[in-house]
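Below is final-v7.txt, holding compact mmCIF, C-alpha atoms and all ligand atoms.
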# COMPACT_ATOMS: atom_id res chain seq x y z
CA MET A 1 -31.16 65.08 9.37
CA ILE A 2 -27.40 65.01 9.82
CA GLY A 3 -26.12 63.34 12.99
CA ALA A 4 -27.84 60.68 15.11
CA GLY A 5 -26.77 61.72 18.60
CA VAL A 6 -29.64 62.42 20.97
CA ALA A 7 -30.15 65.90 19.44
CA GLY A 8 -30.53 64.48 15.93
CA LEU A 9 -32.74 61.62 17.12
CA ALA A 10 -35.04 64.06 18.95
CA ALA A 11 -35.25 66.33 15.91
CA ALA A 12 -35.98 63.37 13.62
CA CYS A 13 -38.78 62.15 15.92
CA THR A 14 -40.39 65.61 16.03
CA LEU A 15 -40.26 65.89 12.22
CA VAL A 16 -41.64 62.38 11.69
CA GLU A 17 -44.43 63.01 14.16
CA ALA A 18 -45.34 66.12 12.13
CA GLY A 19 -45.64 63.89 9.05
CA ARG A 20 -42.34 64.77 7.37
CA ALA A 21 -40.33 62.26 5.33
CA VAL A 22 -36.97 62.07 7.10
CA VAL A 23 -33.60 60.70 6.00
CA LEU A 24 -31.20 60.50 8.93
CA HIS A 25 -27.48 60.39 8.10
CA GLU A 26 -25.08 59.20 10.77
CA ALA A 27 -21.33 59.03 10.06
CA ALA A 28 -20.60 56.27 12.60
CA LYS A 29 -21.67 52.64 12.24
CA ALA A 30 -23.83 53.05 15.34
CA ALA A 31 -26.03 55.93 16.44
CA GLY A 32 -25.86 57.67 19.82
CA GLY A 33 -22.80 59.89 19.43
CA ARG A 34 -21.50 60.85 22.83
CA ALA A 35 -24.21 58.85 24.63
CA ARG A 36 -23.84 55.26 23.48
CA SER A 37 -23.34 51.70 24.73
CA TYR A 38 -21.25 48.92 23.31
CA ASP A 39 -20.21 45.34 23.95
CA ASP A 40 -16.74 45.27 25.40
CA ARG A 41 -15.36 41.98 24.10
CA ALA A 42 -12.27 41.94 26.35
CA LEU A 43 -14.31 42.51 29.51
CA GLY A 44 -17.25 40.48 28.28
CA VAL A 45 -19.80 43.09 29.39
CA ARG A 46 -21.88 45.85 27.85
CA ILE A 47 -20.79 49.31 28.90
CA ASP A 48 -21.64 52.94 28.19
CA ASN A 49 -19.01 55.34 26.89
CA GLY A 50 -19.48 57.05 30.25
CA ASN A 51 -21.86 57.43 33.17
CA HIS A 52 -24.75 59.78 32.41
CA LEU A 53 -26.86 61.15 35.24
CA LEU A 54 -30.20 62.79 34.52
CA ARG A 55 -32.82 64.20 36.86
CA SER A 56 -36.59 63.61 36.81
CA GLY A 57 -36.96 67.35 36.03
CA ASN A 58 -35.22 66.90 32.66
CA VAL A 59 -38.55 67.41 30.93
CA ALA A 60 -37.38 67.22 27.32
CA ALA A 61 -35.39 64.03 27.94
CA MET A 62 -38.32 62.40 29.74
CA GLY A 63 -40.70 63.53 26.98
CA PHE A 64 -38.40 62.05 24.34
CA LEU A 65 -38.28 58.70 26.15
CA ARG A 66 -42.07 58.68 26.52
CA ARG A 67 -42.52 59.45 22.82
CA VAL A 68 -40.39 56.48 21.74
CA GLY A 69 -41.87 54.16 24.39
CA ALA A 70 -38.70 53.97 26.49
CA GLU A 71 -39.81 55.71 29.66
CA GLY A 72 -39.43 52.47 31.60
CA THR A 73 -35.77 52.06 30.70
CA LEU A 74 -34.37 54.39 33.35
CA ALA A 75 -33.44 53.38 36.88
CA GLY A 76 -32.60 55.26 40.04
CA PRO A 77 -33.84 55.77 43.58
CA VAL A 78 -37.50 56.59 44.19
CA GLU A 79 -36.60 59.59 46.35
CA PRO A 80 -34.32 62.55 45.56
CA VAL A 81 -31.29 61.16 47.41
CA PHE A 82 -27.63 61.77 46.63
CA PRO A 83 -25.19 59.65 48.64
CA PHE A 84 -21.69 61.14 49.06
CA VAL A 85 -18.39 59.84 50.33
CA ASP A 86 -15.60 62.17 51.47
CA LEU A 87 -12.49 60.29 50.37
CA GLY A 88 -10.27 62.36 52.65
CA SER A 89 -12.09 61.94 55.95
CA GLY A 90 -14.04 58.78 55.11
CA GLU A 91 -17.24 60.59 56.14
CA ARG A 92 -20.43 59.50 54.37
CA TRP A 93 -23.66 61.39 54.07
CA THR A 94 -26.78 61.34 51.97
CA LEU A 95 -28.36 64.52 50.75
CA ARG A 96 -32.12 63.93 51.15
CA LEU A 97 -34.07 66.65 49.43
CA GLY A 98 -37.62 65.41 50.05
CA LYS A 99 -40.15 65.59 47.25
CA GLY A 100 -41.86 68.89 48.10
CA ARG A 101 -41.14 72.36 46.72
CA ILE A 102 -40.17 73.86 50.09
CA PRO A 103 -36.56 72.88 50.92
CA TRP A 104 -37.20 71.67 54.49
CA TRP A 105 -34.02 69.61 54.22
CA ILE A 106 -32.00 72.81 54.62
CA PHE A 107 -33.34 73.13 58.19
CA SER A 108 -32.53 69.54 59.17
CA PRO A 109 -28.91 68.99 60.30
CA SER A 110 -29.17 65.27 59.47
CA ARG A 111 -30.38 65.92 55.90
CA ARG A 112 -28.29 68.87 54.83
CA ILE A 113 -24.64 68.83 53.79
CA PRO A 114 -22.30 68.18 56.75
CA GLY A 115 -20.59 71.28 58.11
CA THR A 116 -23.22 73.64 56.68
CA ARG A 117 -25.71 75.82 58.54
CA ALA A 118 -29.19 76.68 57.32
CA TRP A 119 -28.31 80.29 56.47
CA ASP A 120 -25.31 79.18 54.34
CA TYR A 121 -27.90 78.15 51.75
CA LEU A 122 -28.74 81.81 51.15
CA ALA A 123 -25.73 81.61 48.80
CA LEU A 124 -28.01 79.71 46.42
CA LEU A 125 -30.08 82.89 46.09
CA ARG A 126 -26.95 84.70 44.88
CA LEU A 127 -26.76 82.22 42.02
CA ARG A 128 -30.16 83.46 40.88
CA ARG A 129 -28.62 86.66 39.61
CA ALA A 130 -25.86 84.85 37.71
CA GLU A 131 -24.92 86.45 34.42
CA GLN A 132 -22.87 84.76 31.74
CA ASP A 133 -19.67 86.49 32.86
CA ASP A 134 -20.06 85.59 36.55
CA LEU A 135 -17.86 82.70 37.58
CA VAL A 136 -19.14 80.00 39.94
CA ALA A 137 -16.22 80.55 42.32
CA GLY A 138 -16.62 84.34 42.13
CA LEU A 139 -20.31 84.25 42.98
CA VAL A 140 -20.49 81.55 45.67
CA GLY A 141 -16.86 80.60 46.38
CA ASP A 142 -17.14 82.12 49.86
CA ALA A 143 -19.95 79.74 50.90
CA GLY A 144 -17.59 77.57 53.01
CA ALA A 145 -18.53 73.90 53.32
CA LEU A 146 -21.55 74.39 51.05
CA TYR A 147 -19.19 75.42 48.28
CA GLU A 148 -16.45 72.87 48.95
CA THR A 149 -18.63 69.82 49.45
CA PHE A 150 -21.55 70.65 47.19
CA LEU A 151 -21.46 73.59 44.78
CA GLU A 152 -17.89 73.10 43.58
CA PRO A 153 -18.22 69.34 42.87
CA LEU A 154 -21.68 69.98 41.40
CA ALA A 155 -20.25 72.61 39.06
CA VAL A 156 -17.46 70.28 37.96
CA SER A 157 -19.83 67.41 37.18
CA ALA A 158 -22.77 69.44 35.80
CA LEU A 159 -20.69 71.86 33.71
CA ASN A 160 -17.66 69.62 33.09
CA THR A 161 -15.55 72.68 33.83
CA MET A 162 -13.60 73.67 36.93
CA ALA A 163 -15.63 75.97 39.21
CA ALA A 164 -12.82 78.56 39.30
CA VAL A 165 -13.30 79.31 35.58
CA ALA A 166 -16.85 78.07 34.88
CA SER A 167 -19.70 80.49 34.18
CA ALA A 168 -22.34 80.51 36.92
CA ALA A 169 -25.19 81.03 34.43
CA PRO A 170 -25.55 77.42 33.21
CA LEU A 171 -25.24 76.14 36.80
CA ARG A 172 -28.03 78.52 37.72
CA ALA A 173 -30.11 77.08 34.85
CA VAL A 174 -29.56 73.53 36.13
CA LEU A 175 -30.55 74.46 39.69
CA ALA A 176 -33.60 76.43 38.49
CA GLU A 177 -34.92 73.38 36.67
CA THR A 178 -34.19 70.87 39.42
CA ILE A 179 -33.60 71.78 43.09
CA GLU A 180 -35.58 75.06 42.88
CA ARG A 181 -38.57 73.20 41.46
CA GLY A 182 -38.42 70.87 44.45
CA GLY A 183 -37.23 67.36 45.16
CA ALA A 184 -39.74 65.79 42.76
CA ALA A 185 -37.80 67.38 39.86
CA THR A 186 -34.46 66.26 41.28
CA VAL A 187 -34.81 62.48 41.51
CA PRO A 188 -31.65 60.97 39.96
CA ARG A 189 -32.19 58.93 36.81
CA PHE A 190 -29.80 56.81 34.75
CA ALA A 191 -30.03 54.12 32.09
CA LYS A 192 -31.03 50.78 33.61
CA VAL A 193 -29.24 48.68 30.99
CA GLY A 194 -27.33 51.15 28.83
CA LEU A 195 -27.59 54.54 27.11
CA SER A 196 -28.30 52.92 23.74
CA GLU A 197 -31.08 50.77 25.22
CA SER A 198 -32.72 53.94 26.58
CA PHE A 199 -31.99 56.80 24.21
CA VAL A 200 -30.90 55.28 20.92
CA ASP A 201 -32.31 51.87 19.97
CA PRO A 202 -35.96 52.65 20.89
CA ALA A 203 -35.75 55.94 18.95
CA LEU A 204 -34.28 54.24 15.86
CA ALA A 205 -36.98 51.55 15.99
CA TRP A 206 -39.70 54.21 16.43
CA LEU A 207 -38.38 56.18 13.45
CA ARG A 208 -38.05 53.13 11.20
CA GLU A 209 -41.56 51.92 12.09
CA ARG A 210 -42.86 55.28 10.89
CA GLY A 211 -41.03 55.17 7.60
CA ALA A 212 -37.93 57.26 8.34
CA GLU A 213 -34.80 56.14 6.53
CA VAL A 214 -31.79 55.72 8.81
CA ARG A 215 -28.44 55.63 7.04
CA LEU A 216 -25.66 54.55 9.38
CA GLY A 217 -22.06 54.92 8.17
CA SER A 218 -23.17 57.87 6.03
CA ARG A 219 -20.82 60.82 6.57
CA VAL A 220 -22.17 64.03 5.06
CA THR A 221 -19.43 66.18 3.55
CA ALA A 222 -21.49 69.03 2.11
CA ILE A 223 -24.91 70.55 2.73
CA ASP A 224 -27.36 71.09 -0.12
CA PRO A 225 -28.71 74.61 0.61
CA ALA A 226 -31.98 73.80 -1.18
CA GLN A 227 -32.68 70.76 1.01
CA GLN A 228 -34.41 71.24 4.38
CA THR A 229 -31.77 70.16 6.88
CA VAL A 230 -31.22 69.88 10.60
CA LEU A 231 -27.50 69.80 11.30
CA ALA A 232 -27.01 67.92 14.58
CA VAL A 233 -23.29 67.15 14.49
CA PRO A 234 -20.63 68.15 17.06
CA ALA A 235 -19.59 71.82 17.03
CA TRP A 236 -16.31 71.28 15.19
CA VAL A 237 -18.02 69.36 12.36
CA ALA A 238 -20.72 72.05 12.05
CA ALA A 239 -17.98 74.68 11.65
CA GLU A 240 -16.51 72.65 8.76
CA LEU A 241 -19.88 72.22 7.03
CA VAL A 242 -21.16 75.78 7.48
CA PRO A 243 -18.52 78.34 6.47
CA GLY A 244 -18.37 81.34 8.80
CA LEU A 245 -20.36 79.65 11.61
CA VAL A 246 -19.03 80.60 15.04
CA VAL A 247 -19.16 77.69 17.49
CA PRO A 248 -17.52 76.78 20.80
CA ASP A 249 -13.95 75.72 20.10
CA ALA A 250 -12.55 74.83 23.53
CA PHE A 251 -13.49 71.51 25.04
CA GLU A 252 -13.14 69.52 28.24
CA ALA A 253 -12.46 65.81 28.48
CA ILE A 254 -14.32 63.25 30.59
CA TRP A 255 -12.33 60.25 31.80
CA ASN A 256 -14.23 57.06 32.58
CA ALA A 257 -13.11 53.67 33.84
CA HIS A 258 -15.24 50.55 34.08
CA PHE A 259 -14.00 47.95 36.60
CA LEU A 260 -15.19 44.34 36.72
CA VAL A 261 -16.21 44.22 40.36
CA ASP A 262 -19.49 43.70 42.16
CA VAL A 263 -20.42 46.42 44.63
CA ASP A 264 -23.75 46.67 46.45
CA PRO A 265 -25.54 49.54 44.64
CA GLY A 266 -27.03 50.79 47.89
CA GLU A 267 -30.05 53.07 47.99
CA ALA A 268 -29.26 55.14 44.88
CA GLY A 269 -27.05 52.99 42.61
CA PHE A 270 -24.37 55.67 42.54
CA TRP A 271 -22.23 57.84 44.82
CA GLY A 272 -20.70 61.29 44.57
CA PHE A 273 -17.14 61.67 45.84
CA VAL A 274 -15.39 64.67 47.30
CA GLY A 275 -11.70 64.94 48.06
CA GLY A 276 -10.52 62.35 45.52
CA THR A 277 -9.77 62.09 41.81
CA ALA A 278 -13.13 60.68 40.73
CA GLU A 279 -16.42 62.58 40.99
CA TRP A 280 -18.97 59.79 40.62
CA ALA A 281 -19.20 56.01 40.67
CA PHE A 282 -22.14 53.94 39.39
CA ALA A 283 -22.69 50.30 40.37
CA LYS A 284 -24.33 47.91 37.94
CA PRO A 285 -24.28 44.12 38.31
CA GLY A 286 -20.61 43.11 38.00
CA VAL A 287 -19.38 46.54 36.90
CA LEU A 288 -18.36 49.66 38.83
CA SER A 289 -18.00 52.70 36.53
CA VAL A 290 -16.18 55.82 37.57
CA THR A 291 -16.26 59.31 36.09
CA VAL A 292 -13.63 62.03 36.26
CA SER A 293 -15.06 65.27 34.85
CA ALA A 294 -13.19 68.37 33.65
CA ALA A 295 -10.37 65.93 32.95
CA ASN A 296 -8.11 68.22 30.88
CA ARG A 297 -6.29 68.88 34.18
CA TYR A 298 -5.13 65.23 34.13
CA ALA A 299 -3.99 65.24 30.48
CA GLU A 300 -0.36 64.68 31.49
CA VAL A 301 -1.19 61.79 33.83
CA GLY A 302 -1.11 58.51 31.90
CA ASN A 303 -4.10 56.17 31.94
CA GLU A 304 -2.28 53.61 34.07
CA ALA A 305 -1.54 56.20 36.76
CA MET A 306 -5.14 57.46 36.55
CA VAL A 307 -6.47 53.92 37.00
CA ALA A 308 -4.24 53.48 40.07
CA ARG A 309 -5.47 56.78 41.58
CA VAL A 310 -9.11 56.09 40.87
CA TRP A 311 -8.91 52.53 42.15
CA GLY A 312 -7.36 53.96 45.31
CA ASP A 313 -10.50 56.12 45.67
CA LEU A 314 -12.78 53.13 45.15
CA ALA A 315 -10.81 50.86 47.46
CA ARG A 316 -11.12 53.47 50.24
CA ALA A 317 -14.80 54.13 49.60
CA PHE A 318 -15.94 50.51 49.38
CA GLY A 319 -13.28 48.62 51.34
CA LEU A 320 -11.96 46.86 48.22
CA GLY A 321 -8.51 45.24 48.00
CA GLU A 322 -5.41 46.73 46.42
CA THR A 323 -5.50 44.45 43.38
CA ILE A 324 -6.96 46.31 40.45
CA PRO A 325 -9.55 44.13 38.67
CA PRO A 326 -9.90 43.93 34.85
CA HIS A 327 -11.03 47.31 33.57
CA ARG A 328 -11.63 49.48 30.50
CA VAL A 329 -10.73 53.15 30.25
CA VAL A 330 -12.83 55.37 27.93
CA VAL A 331 -11.57 58.91 27.43
CA GLU A 332 -13.81 61.35 25.57
CA LYS A 333 -11.36 64.14 24.77
CA ARG A 334 -13.98 66.56 23.50
CA ALA A 335 -16.79 65.41 25.79
CA THR A 336 -18.35 68.89 26.10
CA PHE A 337 -17.48 72.49 25.35
CA ALA A 338 -15.75 74.30 28.20
CA ALA A 339 -18.51 76.17 30.05
CA ILE A 340 -16.46 79.35 30.42
CA PRO A 341 -17.90 82.80 29.56
CA ALA A 342 -15.87 83.21 26.35
CA GLN A 343 -17.14 79.86 25.03
CA LEU A 344 -20.76 80.48 25.99
CA ARG A 345 -20.65 83.61 23.83
CA ARG A 346 -19.79 81.38 20.86
CA ARG A 347 -22.96 79.24 21.11
CA PRO A 348 -25.14 79.91 18.06
CA GLY A 349 -28.93 79.87 18.04
CA THR A 350 -31.09 77.41 16.10
CA VAL A 351 -31.67 79.39 12.92
CA THR A 352 -28.99 80.18 10.35
CA GLN A 353 -28.82 82.61 7.43
CA ASN A 354 -30.24 79.83 5.25
CA PRO A 355 -33.93 79.34 6.16
CA ASN A 356 -33.60 75.68 5.10
CA LEU A 357 -30.83 74.97 7.60
CA MET A 358 -31.35 74.64 11.38
CA LEU A 359 -28.74 73.84 14.01
CA ALA A 360 -29.06 71.35 16.87
CA GLY A 361 -26.64 69.94 19.40
CA ASP A 362 -25.69 70.41 23.05
CA TRP A 363 -23.35 73.22 21.97
CA THR A 364 -26.11 75.44 20.55
CA ASP A 365 -27.47 78.20 22.76
CA THR A 366 -29.85 76.29 25.00
CA GLY A 367 -28.86 78.12 28.20
CA LEU A 368 -28.10 74.70 29.69
CA PRO A 369 -24.70 73.05 29.97
CA ALA A 370 -23.81 70.37 27.41
CA THR A 371 -26.21 67.66 28.52
CA ILE A 372 -28.69 65.14 27.15
CA GLU A 373 -31.48 67.50 28.23
CA GLY A 374 -29.95 70.44 26.36
CA ALA A 375 -29.23 68.31 23.28
CA ILE A 376 -32.79 66.94 23.10
CA ARG A 377 -34.26 70.39 23.64
CA SER A 378 -32.09 71.78 20.83
CA GLY A 379 -33.22 68.98 18.49
CA ASN A 380 -36.91 69.59 19.22
CA ARG A 381 -36.39 73.31 18.75
CA ALA A 382 -34.59 72.88 15.39
CA ALA A 383 -37.32 70.58 14.08
CA LEU A 384 -40.07 73.00 15.10
CA ALA A 385 -38.19 75.91 13.49
CA LEU A 386 -37.95 73.92 10.26
CA LEU A 387 -41.64 73.04 10.39
CA ARG A 388 -42.47 76.72 10.79
CA GLN A 389 -40.70 77.41 7.47
CA ASN A 390 -43.61 75.80 5.60
C1 LIG B 1 -18.32 60.69 29.06
C2 LIG B 1 -19.50 61.63 29.01
C3 LIG B 1 -20.30 61.80 30.13
C4 LIG B 1 -21.42 62.65 30.07
N1 LIG B 1 -22.21 62.75 31.17
C5 LIG B 1 -23.42 63.37 31.04
C6 LIG B 1 -24.35 63.32 32.11
O1 LIG B 1 -24.08 62.77 33.18
N2 LIG B 1 -25.58 63.89 31.92
C7 LIG B 1 -25.91 64.51 30.74
O2 LIG B 1 -27.05 64.95 30.60
N3 LIG B 1 -25.01 64.61 29.73
C8 LIG B 1 -23.78 64.06 29.85
N4 LIG B 1 -22.88 64.11 28.82
C9 LIG B 1 -23.18 64.96 27.65
C10 LIG B 1 -24.07 64.26 26.64
O3 LIG B 1 -23.57 62.99 26.31
C11 LIG B 1 -24.09 65.12 25.38
O4 LIG B 1 -24.50 66.43 25.73
C12 LIG B 1 -25.03 64.61 24.31
O5 LIG B 1 -24.87 63.22 24.10
C13 LIG B 1 -24.75 65.37 23.00
O6 LIG B 1 -25.63 64.96 22.00
P1 LIG B 1 -25.60 65.62 20.56
O7 LIG B 1 -26.60 64.92 19.76
O8 LIG B 1 -25.68 67.10 20.72
O9 LIG B 1 -24.14 65.38 19.99
P2 LIG B 1 -23.37 63.97 19.59
O10 LIG B 1 -23.74 62.91 20.56
O11 LIG B 1 -21.95 64.36 19.48
O12 LIG B 1 -23.99 63.59 18.19
C14 LIG B 1 -23.51 64.06 16.96
C15 LIG B 1 -23.57 62.93 15.96
O13 LIG B 1 -23.19 63.42 14.68
C16 LIG B 1 -22.45 62.42 14.01
N5 LIG B 1 -21.67 63.05 12.94
C17 LIG B 1 -20.52 63.77 13.04
N6 LIG B 1 -20.12 64.21 11.82
C18 LIG B 1 -21.05 63.76 10.94
C19 LIG B 1 -21.21 63.90 9.52
N7 LIG B 1 -20.33 64.62 8.79
N8 LIG B 1 -22.24 63.31 8.93
C20 LIG B 1 -23.16 62.59 9.66
N9 LIG B 1 -23.05 62.43 11.00
C21 LIG B 1 -22.02 63.03 11.64
C22 LIG B 1 -21.60 61.84 15.14
O14 LIG B 1 -21.08 60.58 14.78
C23 LIG B 1 -22.61 61.79 16.27
O15 LIG B 1 -23.31 60.57 16.31
C24 LIG B 1 -21.71 63.35 28.88
C25 LIG B 1 -20.88 63.20 27.76
C26 LIG B 1 -19.80 62.36 27.81
C27 LIG B 1 -18.92 62.21 26.59

Written as structure tokens, how would this file's structure read?
Amino acid sequence: MIGAGVAGLAAACTLVEAGRAVVLHEAAKAAGGRARSYDDRALGVRIDNGNHLLRSGNVAAMGFLRRVGAEGTLAGPVEPVFPFVDLGSGERWTLRLGKGRIPWWIFSPSRRIPGTRAWDYLALLRLRRAEQDDLVAGLVGDAGALYETFLEPLAVSALNTMAAVASAAPLRAVLAETIERGGAATVPRFAKVGLSESFVDPALAWLRERGAEVRLGSRVTAIDPAQQTVLAVPAWVAAELVPGLVVPDAFEAIWNAHFLVDVDPGEAGFWGFVGGTAEWAFAKPGVLSVTVSAANRYAEVGNEAMVARVWGDLARAFGLGETIPPHRVVVEKRATFAAIPAQLRRRPGTVTQNPNLMLAGDWTDTGLPATIEGAIRSGNRAALALLRQN
């Protein structure tokens, strides 16, 4: 196993469960890759590299947590509720989906998105025929308030790509596995303590207890073609290790800031924003963490100016003062591949020309955007493909 992000950890667990002897190489000193927690000494708190939102319908992610005994480490509201704040108008609303399969919420003016009418939601049916080359804006951009206050911000945060250029197909896949399956599959979930406490440390302990060897700080520089291998590194590393492999090569940044401030977490523990710079904020005891997705558009804005903008959003949303509290900015420059049609065509499948070598990672062709769910699914798939070899 090469790479101990969530894809590599999932693959390793599947192989170990099938009785294979696994050696897991991870280049960094800590596992987790793009979903990790660390102690921030300057702030004196433990933080994640960035907010990660999952849904109860993320079946592979939930199955992974169950397997390693970490299913109790997620938090979130009991109901499928998504509180929003419009930073322009100050309006607040909570999208309440209800747990059933039939979307009754669409017919209730107090539960649906403000400014929308029941029939506007027929636009969601148009998404069902999304092909890879259809753009989100092209397919549903005419859906008025439903687009502006829901589908566009959803596309930006779920695909980490601006809706004007993003492919509608992965958004369709997300909706098919969550909202279309009903509210019970759409309950928001996030790490109670930290990403490492949920997705990484329990998996490492589970693997070690079962005899797997975990080598941290072990950067692999060449692949032995005779050795059965799952390659679960980021796309650009895979391209270096496997000559001729075509992988996504355009990426989008995610900009996160963690502020030392106590905010009442409310019903959900997080809020979605429209009309501001930030897309989401998560409240944990003493820390308010903010996410700006598809952040390449802000590459020329310095971090200090970004912090000022984002704090302006927070101050408006939560009635906080002008003084910016101690904070940490974490920018993941290559957070995910850009979910545009030309990049989706570059996603390879699991198998390679070498029957001993399988590929895993959120950038492989899972049909989903680059997410924990996609990464875990790709890891499980790569392990099963390797097991089928003999
Ligand atoms: C800020 C941010 C916010 C996000 N928000 C969400 C969200 O809300 N919901 C969601 O589902 N997803 C979200 N994601 C996406 C999610 O984090 C990723 O899809 C997922 O973590 C990718 O896992 P992976 O295992 O495919 O890749 P990685 O996590 O990149 O793992 C690859 C691993 O390989 C290691 N490696 C690299 N080279 C070598 C080598 N030569 N030898 C050995 N090891 C090597 C790396 O160190 C790394 O640990 C977010 C990502 C970021 C960055």

(request) Find the spatial neighbours of region 224-236 of chain A, counting all atoms listed in the file, within a cut-off of 6 Å - ignore same-chain residues fewer than 4 positions away - and output them as an MDAnalysis selection string. (result) chainID A and resid 1:3 8 247 356:361

Okay, now the selection with C-alpha atoms, as a CSV table (one decimal), in the coordinates of the input?
chain,number,residue,atom,x,y,z
A,1,MET,CA,-31.2,65.1,9.4
A,2,ILE,CA,-27.4,65.0,9.8
A,3,GLY,CA,-26.1,63.3,13.0
A,8,GLY,CA,-30.5,64.5,15.9
A,247,VAL,CA,-19.2,77.7,17.5
A,356,ASN,CA,-33.6,75.7,5.1
A,357,LEU,CA,-30.8,75.0,7.6
A,358,MET,CA,-31.4,74.6,11.4
A,359,LEU,CA,-28.7,73.8,14.0
A,360,ALA,CA,-29.1,71.4,16.9
A,361,GLY,CA,-26.6,69.9,19.4

(request) Could you pull out the residues sitting within 6 Å of ligand LIG 1 (chain B), using all atoms listed in the file, and write them as a PyMOL selection string? (result) chain A and resi 2-8+25-28+31-35+49-54+218-221+232-234+237+254+332+335+361-362+370-373+375

(message) Please determine, counting only C-alpha atoms, which residue among A:Asp201, A:Gly217, A:Trp363, A:Gly69 has the shortest atom-to-atom distance to Ala338 (chain A).
(response)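 Comparing A:Asp201, A:Gly217, A:Trp363, A:Gly69 against Ala338 (chain A), the winner is A:Trp363.
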
(request) Identify, on the basis of only C-alpha atoms, every residue whose closest approach to region 84-86 of chain A does not exceed 10 Å; exclude the query and any residue fewer than 5 positions from it along the same chain; express the result as a PyMOL selection string. (result) chain A and resi 91-95+113+149-150+270-276+279-280+313+316-318

Same residues, C-alpha atoms, output as an mmCIF file, keeping the file's coordinate frame:
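Contents of part-v2.cif, as written:
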data_model
loop_
_atom_site.group_PDB
_atom_site.id
_atom_site.type_symbol
_atom_site.label_atom_id
_atom_site.label_comp_id
_atom_site.auth_asym_id
_atom_site.auth_seq_id
_atom_site.Cartn_x
_atom_site.Cartn_y
_atom_site.Cartn_z
ATOM 1 C CA GLU A 91 -17.240 60.590 56.140
ATOM 2 C CA ARG A 92 -20.430 59.500 54.370
ATOM 3 C CA TRP A 93 -23.660 61.390 54.070
ATOM 4 C CA THR A 94 -26.780 61.340 51.970
ATOM 5 C CA LEU A 95 -28.360 64.520 50.750
ATOM 6 C CA ILE A 113 -24.640 68.830 53.790
ATOM 7 C CA THR A 149 -18.630 69.820 49.450
ATOM 8 C CA PHE A 150 -21.550 70.650 47.190
ATOM 9 C CA PHE A 270 -24.370 55.670 42.540
ATOM 10 C CA TRP A 271 -22.230 57.840 44.820
ATOM 11 C CA GLY A 272 -20.700 61.290 44.570
ATOM 12 C CA PHE A 273 -17.140 61.670 45.840
ATOM 13 C CA VAL A 274 -15.390 64.670 47.300
ATOM 14 C CA GLY A 275 -11.700 64.940 48.060
ATOM 15 C CA GLY A 276 -10.520 62.350 45.520
ATOM 16 C CA GLU A 279 -16.420 62.580 40.990
ATOM 17 C CA TRP A 280 -18.970 59.790 40.620
ATOM 18 C CA ASP A 313 -10.500 56.120 45.670
ATOM 19 C CA ARG A 316 -11.120 53.470 50.240
ATOM 20 C CA ALA A 317 -14.800 54.130 49.600
ATOM 21 C CA PHE A 318 -15.940 50.510 49.380
#

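CA of Ala308 (chain A) lies 21.5 Å from CA of Val156 (chain A).
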
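Near Gly321 (chain A), within 10 Å and counting all atoms listed in the file, sit Trp311, Gly312, Leu314, Ala315, Arg316 and Pro325 of chain A, not including residues fewer than 4 positions from it in the same chain.
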
(request) For Ala295 (chain A), please output as a list in words all residues within 10 Å (counting all atoms listed in the file; exclusion window: fewer than 3 positions along the same chain). (result)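 Contacts, in chain order: Val156, Asn160, Thr161, Met162, Glu252, Ala253, Ile254, Trp255, Asn256, Thr277, Ala278, Thr291, Val292, Tyr298, Ala299, Val331, Glu332, Lys333 and Ala335 of chain A.
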
(message) Neighbouring residues of Leu344 (chain A) were defined as those with any atom within 9 Å, considering all atoms listed in the file; residues of the same chain fewer than 5 positions away were excluded. Please report them as a PyMOL selection string.
(response) chain A and resi 132+167+248+337-339+363+365+367

(message) Under the rule that all atoms listed in the file are counted, which of A:Val68, A:Ile324, A:Ile223, A:Ala250 is the nearest residue to Trp206 (chain A)?
(response)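 Going through A:Val68, A:Ile324, A:Ile223, A:Ala250 one by one, the smallest distance to Trp206 (chain A) is for A:Val68.
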
Per residue of region 203-308 of chain A within 10 Å of region 174-190 of chain A, what are the shortest atom pair and its distance in Å to one decimal, counting only C-alpha atoms, with rows by chain and residue number, as a tab-separated table?
residue	atom	partner	partner_atom	distance
A:Ala268	CA	A:Pro188	CA	8.0
A:Gly269	CA	A:Phe190	CA	9.2
A:Phe270	CA	A:Pro188	CA	9.4
A:Phe282	CA	A:Phe190	CA	9.4

Can you write out the residues you just picked, keeping C-alpha atoms, as a PDB file, in the frame of the given file?
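Final output, saved to again-v4.pdb:
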ATOM      1  CA  ALA A 268     -29.260  55.140  44.880  1.00  0.00           C
ATOM      2  CA  GLY A 269     -27.050  52.990  42.610  1.00  0.00           C
ATOM      3  CA  PHE A 270     -24.370  55.670  42.540  1.00  0.00           C
ATOM      4  CA  PHE A 282     -22.140  53.940  39.390  1.00  0.00           C
TER       5      PHE A 282
END

Using the file's own x, y and z axes, so that the box edges lie along x, y and z, what centre and edge lengths in Å (one decimal) does a box around every listed atom of region 135-140 of chain A get when 3 Å is added on each side? Give it as AutoDock Vina command-line options.
--center_x -18.4 --center_y 82.2 --center_z 41.6 --size_x 10.3 --size_y 10.3 --size_z 14.1

(request) Check the smallest atom-to-atom distance from each of A:Pro170, A:Pro109, A:Gly98, A:Pro348 to Leu127 (chain A) using only C-alpha atoms, then report the winner. (result) A:Pro170

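Atom to atom, CA of Asp133 (chain A) and CA of Pro341 (chain A) stand 5.3 Å apart.
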
(message) Between A:Arg328, A:Gly72, A:Arg111, A:Val246, which residue has the minimum interatomic distance to Arg41 (chain A), considering all atoms listed in the file?
(response)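 Going through A:Arg328, A:Gly72, A:Arg111, A:Val246 one by one, the smallest distance to Arg41 (chain A) is for A:Arg328.
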